[in-house]
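Trainee: The structure's right below; bear with me while I get my questions together.
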Amino acid sequence: MAGKALIEHGRFLEVLGIEVELLAEAARAAPVDTPVPACPGFTIGEVARHVGGVYRVARRWLTDGEAPREWPRNPAPGQSIEDYLRTGLAELLGELSGHDPREGAAGWWPQDQTYGFWMRRLAHETTVHRYDVQEAAGTPVTPIAEDLATDGVDEALAVWFGGRLPMLGLSGTTGRSVAVQVAGHQWIARAGPGETEARRCSAEEAAQADGLVSGSPMPVYLWLWGRQGHQSVTWDGDEDAIGQFWALLRLATR
């Protein structure tokens with residue numbers, strides 16, 4: 001089933017509560033105008049505000065049944081960024097927790113129109129930006145649990161490479177396949193004229209790919225999101241294939 005997560009959806013709600021606390025704590029540890037290298041042009045305060053806005057946009061998708069016409073980007077007059085972040089999550093969790101993950105819900109990814117899509121998407125959105133803020137603030141980076149990072153690899157490939165790229169009308173210039181391997185799981189990503197896909201696969205199929213990227217779940221997860229350099233993962237096989245894969249991911253996730 002497209003979009004089926006590798007962990008229970010209740011775990012995503014738990015992660016949301018934990019990660020937003022870590023993000024808020026890191027944001028308090030440095031001036032709000034501290035630049036965030038992983039998000040060029042953004043400061044710590046702007047990343048926290050962005051996440052609070054994403055929570056509100058997601059809630060409107062769920063309650064209105066369609067894409068919001070406006071993005072609620074800013075706190076109310078006199079409202080702190082931290083309060084904007086926290087109240088946005090509280091309202092969102094109130095909506096998410098009242099519904100079965102399998103229940104239908106509007107969303108931007110056609111292959112998974114459920115409440116579960118938003119639980120998963122927002123858990124990873126918060127986790128990645130928490131990492132960004134901790135790095136920018138110079139505070140110790142909290143490790144990302146192996147189960148969450150492994151699911152994040154799946155989400156990055158299925159939703160962003162295999163889903164977002166076709167929505168943008170983008171693909172590779174030459175047909176290439178890249179396998180990704182972490183924690184006993186394998187995926188195959190193909191891109192070329194008329195073809196863009198990413199899906200789970202067998203070890204045997206992964207071994208036939210033009211290139212292979214492997215490593216521990218957290219580094220691979222962060223590498224897919226452009227948060228860690230190439231030295232954090234292992235490359236095998238056709239480097240041009242992996243280079244094209246990397247470049248396409250940057251277009252999909254920007």
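Note on naming: chains are A, B, ... as they come in the structure tokens, residues start from 1 per chain, ligands start from 1 in the order shown.
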Using the chain letters and numbers from this document, which residues of segment 71-226 of chain A does DSSP assign to strand (DSSP E), as a list in words?
Mentor: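 After running DSSP on the backbone, segment 71-226 of chain A has strand (DSSP E) at Arg176, Ser177, Val178, Ala179, Val180, Gln181, Val182, His185, Gln186, Trp187, Ile188, Ala189, Arg190, Ala191, Gly192, Glu195, Thr196, Glu197, Ala198, Arg199, Arg200, Gly211, Leu212, Val213 and Ser214 of chain A.
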Trainee: Could the residues in this selection be written to a file with N, CA and C atoms, as a PDB file, in the first residue's frame?
Mentor:
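Produced file part21.pdb, reproduced below:
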```pdb
ATOM      1  N   ARG A 176      18.626   5.900 -14.652  1.00  0.00           N
ATOM      2  CA  ARG A 176      19.531   5.357 -13.645  1.00  0.00           C
ATOM      3  C   ARG A 176      18.702   4.856 -12.463  1.00  0.00           C
ATOM      4  N   SER A 177      19.245   3.858 -11.763  1.00  0.00           N
ATOM      5  CA  SER A 177      18.588   3.370 -10.546  1.00  0.00           C
ATOM      6  C   SER A 177      19.581   3.406  -9.394  1.00  0.00           C
ATOM      7  N   VAL A 178      19.071   3.747  -8.221  1.00  0.00           N
ATOM      8  CA  VAL A 178      19.881   3.786  -7.004  1.00  0.00           C
ATOM      9  C   VAL A 178      19.140   3.036  -5.912  1.00  0.00           C
ATOM     10  N   ALA A 179      19.832   2.137  -5.258  1.00  0.00           N
ATOM     11  CA  ALA A 179      19.254   1.437  -4.110  1.00  0.00           C
ATOM     12  C   ALA A 179      19.704   2.126  -2.825  1.00  0.00           C
ATOM     13  N   VAL A 180      18.842   2.108  -1.845  1.00  0.00           N
ATOM     14  CA  VAL A 180      19.155   2.641  -0.516  1.00  0.00           C
ATOM     15  C   VAL A 180      18.942   1.501   0.471  1.00  0.00           C
ATOM     16  N   GLN A 181      19.879   1.333   1.378  1.00  0.00           N
ATOM     17  CA  GLN A 181      19.837   0.185   2.281  1.00  0.00           C
ATOM     18  C   GLN A 181      20.155   0.628   3.710  1.00  0.00           C
ATOM     19  N   VAL A 182      19.207   0.411   4.629  1.00  0.00           N
ATOM     20  CA  VAL A 182      19.433   0.685   6.049  1.00  0.00           C
ATOM     21  C   VAL A 182      18.674  -0.337   6.887  1.00  0.00           C
ATOM     22  N   HIS A 185      16.378  -2.972   5.561  1.00  0.00           N
ATOM     23  CA  HIS A 185      15.359  -2.539   4.592  1.00  0.00           C
ATOM     24  C   HIS A 185      16.060  -2.052   3.334  1.00  0.00           C
ATOM     25  N   GLN A 186      15.423  -2.269   2.192  1.00  0.00           N
ATOM     26  CA  GLN A 186      15.960  -1.823   0.906  1.00  0.00           C
ATOM     27  C   GLN A 186      14.894  -1.088   0.101  1.00  0.00           C
ATOM     28  N   TRP A 187      15.346  -0.107  -0.656  1.00  0.00           N
ATOM     29  CA  TRP A 187      14.479   0.631  -1.574  1.00  0.00           C
ATOM     30  C   TRP A 187      15.196   0.771  -2.906  1.00  0.00           C
ATOM     31  N   ILE A 188      14.432   0.920  -3.962  1.00  0.00           N
ATOM     32  CA  ILE A 188      14.990   1.196  -5.279  1.00  0.00           C
ATOM     33  C   ILE A 188      14.372   2.494  -5.788  1.00  0.00           C
ATOM     34  N   ALA A 189      15.198   3.408  -6.254  1.00  0.00           N
ATOM     35  CA  ALA A 189      14.745   4.683  -6.819  1.00  0.00           C
ATOM     36  C   ALA A 189      15.227   4.760  -8.251  1.00  0.00           C
ATOM     37  N   ARG A 190      14.312   5.000  -9.173  1.00  0.00           N
ATOM     38  CA  ARG A 190      14.659   5.095 -10.588  1.00  0.00           C
ATOM     39  C   ARG A 190      14.236   6.460 -11.117  1.00  0.00           C
ATOM     40  N   ALA A 191      15.106   7.022 -11.953  1.00  0.00           N
ATOM     41  CA  ALA A 191      14.775   8.304 -12.574  1.00  0.00           C
ATOM     42  C   ALA A 191      15.381   8.353 -13.960  1.00  0.00           C
ATOM     43  N   GLY A 192      14.602   8.835 -14.890  1.00  0.00           N
ATOM     44  CA  GLY A 192      15.066   8.982 -16.265  1.00  0.00           C
ATOM     45  C   GLY A 192      13.915   9.473 -17.119  1.00  0.00           C
ATOM     46  N   GLU A 195      10.259   8.266 -16.507  1.00  0.00           N
ATOM     47  CA  GLU A 195      10.210   7.339 -15.376  1.00  0.00           C
ATOM     48  C   GLU A 195      10.781   7.987 -14.110  1.00  0.00           C
ATOM     49  N   THR A 196       9.977   8.036 -13.070  1.00  0.00           N
ATOM     50  CA  THR A 196      10.439   8.466 -11.752  1.00  0.00           C
ATOM     51  C   THR A 196       9.665   7.670 -10.723  1.00  0.00           C
ATOM     52  N   GLU A 197      10.345   6.840  -9.949  1.00  0.00           N
ATOM     53  CA  GLU A 197       9.661   6.045  -8.937  1.00  0.00           C
ATOM     54  C   GLU A 197      10.615   5.720  -7.795  1.00  0.00           C
ATOM     55  N   ALA A 198      10.054   5.415  -6.652  1.00  0.00           N
ATOM     56  CA  ALA A 198      10.821   4.914  -5.509  1.00  0.00           C
ATOM     57  C   ALA A 198       9.912   3.982  -4.735  1.00  0.00           C
ATOM     58  N   ARG A 199      10.424   2.812  -4.392  1.00  0.00           N
ATOM     59  CA  ARG A 199       9.611   1.835  -3.679  1.00  0.00           C
ATOM     60  C   ARG A 199      10.518   0.879  -2.902  1.00  0.00           C
ATOM     61  N   ARG A 200       9.919   0.149  -1.971  1.00  0.00           N
ATOM     62  CA  ARG A 200      10.659  -0.873  -1.249  1.00  0.00           C
ATOM     63  C   ARG A 200      10.961  -2.039  -2.194  1.00  0.00           C
ATOM     64  N   GLY A 211      23.631   2.139  -8.594  1.00  0.00           N
ATOM     65  CA  GLY A 211      24.371   2.639  -7.446  1.00  0.00           C
ATOM     66  C   GLY A 211      23.696   2.226  -6.156  1.00  0.00           C
ATOM     67  N   LEU A 212      24.457   2.236  -5.066  1.00  0.00           N
ATOM     68  CA  LEU A 212      23.926   1.852  -3.758  1.00  0.00           C
ATOM     69  C   LEU A 212      24.384   2.854  -2.714  1.00  0.00           C
ATOM     70  N   VAL A 213      23.438   3.327  -1.905  1.00  0.00           N
ATOM     71  CA  VAL A 213      23.732   4.184  -0.753  1.00  0.00           C
ATOM     72  C   VAL A 213      23.324   3.419   0.489  1.00  0.00           C
ATOM     73  N   SER A 214      24.208   3.319   1.468  1.00  0.00           N
ATOM     74  CA  SER A 214      23.896   2.570   2.680  1.00  0.00           C
ATOM     75  C   SER A 214      24.522   3.246   3.892  1.00  0.00           C
TER      76      SER A 214
END
```
Trainee: Would you give me, as a Markdown table, each residue of segment 188-243 of chain A having an atom within 9 Å of an atom of segment 108-132 of chain A, along with its shortest atom pair and that distance in Å to one decimal, using only C-alpha atoms and sorting by chain and residue number?
Mentor:
```
| residue | atom | partner | partner_atom | distance |
| --- | --- | --- | --- | --- |
| A:Leu222 | CA | A:Val128 | CA | 7.6 |
| A:Trp225 | CA | A:Val128 | CA | 8.0 |
| A:Arg227 | CA | A:Asp132 | CA | 7.9 |
```
Trainee: Do a neighbour search on Glu66 of chain A at 9 Å with only C-alpha atoms, toss out local chain neighbours closer than 3 positions, and write the hits as a PyMOL selection string.
Mentor: chain A and resi 60-63+69+106-108
Trainee: Keeping N, CA and C atoms, export the residues of the selection given above as a compact mmCIF listing (two decimals), in the first residue's frame.
Mentor:
```
# COMPACT_ATOMS: atom_id res chain seq x y z
N ARG A 60 -5.83 23.03 8.70
CA ARG A 60 -6.84 23.55 7.77
C ARG A 60 -7.12 22.55 6.64
N TRP A 61 -6.09 21.88 6.16
CA TRP A 61 -6.33 20.81 5.18
C TRP A 61 -7.33 19.81 5.76
N LEU A 62 -7.13 19.46 7.02
CA LEU A 62 -7.96 18.44 7.65
C LEU A 62 -9.37 18.93 7.93
N THR A 63 -9.49 20.14 8.44
CA THR A 63 -10.82 20.63 8.83
C THR A 63 -11.63 21.18 7.66
N ARG A 69 -6.37 28.58 1.38
CA ARG A 69 -6.11 29.66 0.43
C ARG A 69 -4.97 30.56 0.92
N ALA A 106 -8.16 15.12 3.35
CA ALA A 106 -7.55 15.84 2.24
C ALA A 106 -6.07 16.03 2.50
N GLY A 107 -5.29 16.04 1.44
CA GLY A 107 -3.85 16.26 1.55
C GLY A 107 -3.25 16.46 0.19
N TRP A 108 -1.97 16.83 0.17
CA TRP A 108 -1.36 17.17 -1.12
C TRP A 108 -0.74 15.97 -1.84
```
Trainee: Which parts of segment 26-241 of chain A does DSSP call helix (DSSP H, G or I) when run on the backbone here, written out as a ChimeraX atom specification?
Mentor: /A:26-28,44-64,81-96,115-137,146-168,203-207,217-224,230-232,239-241
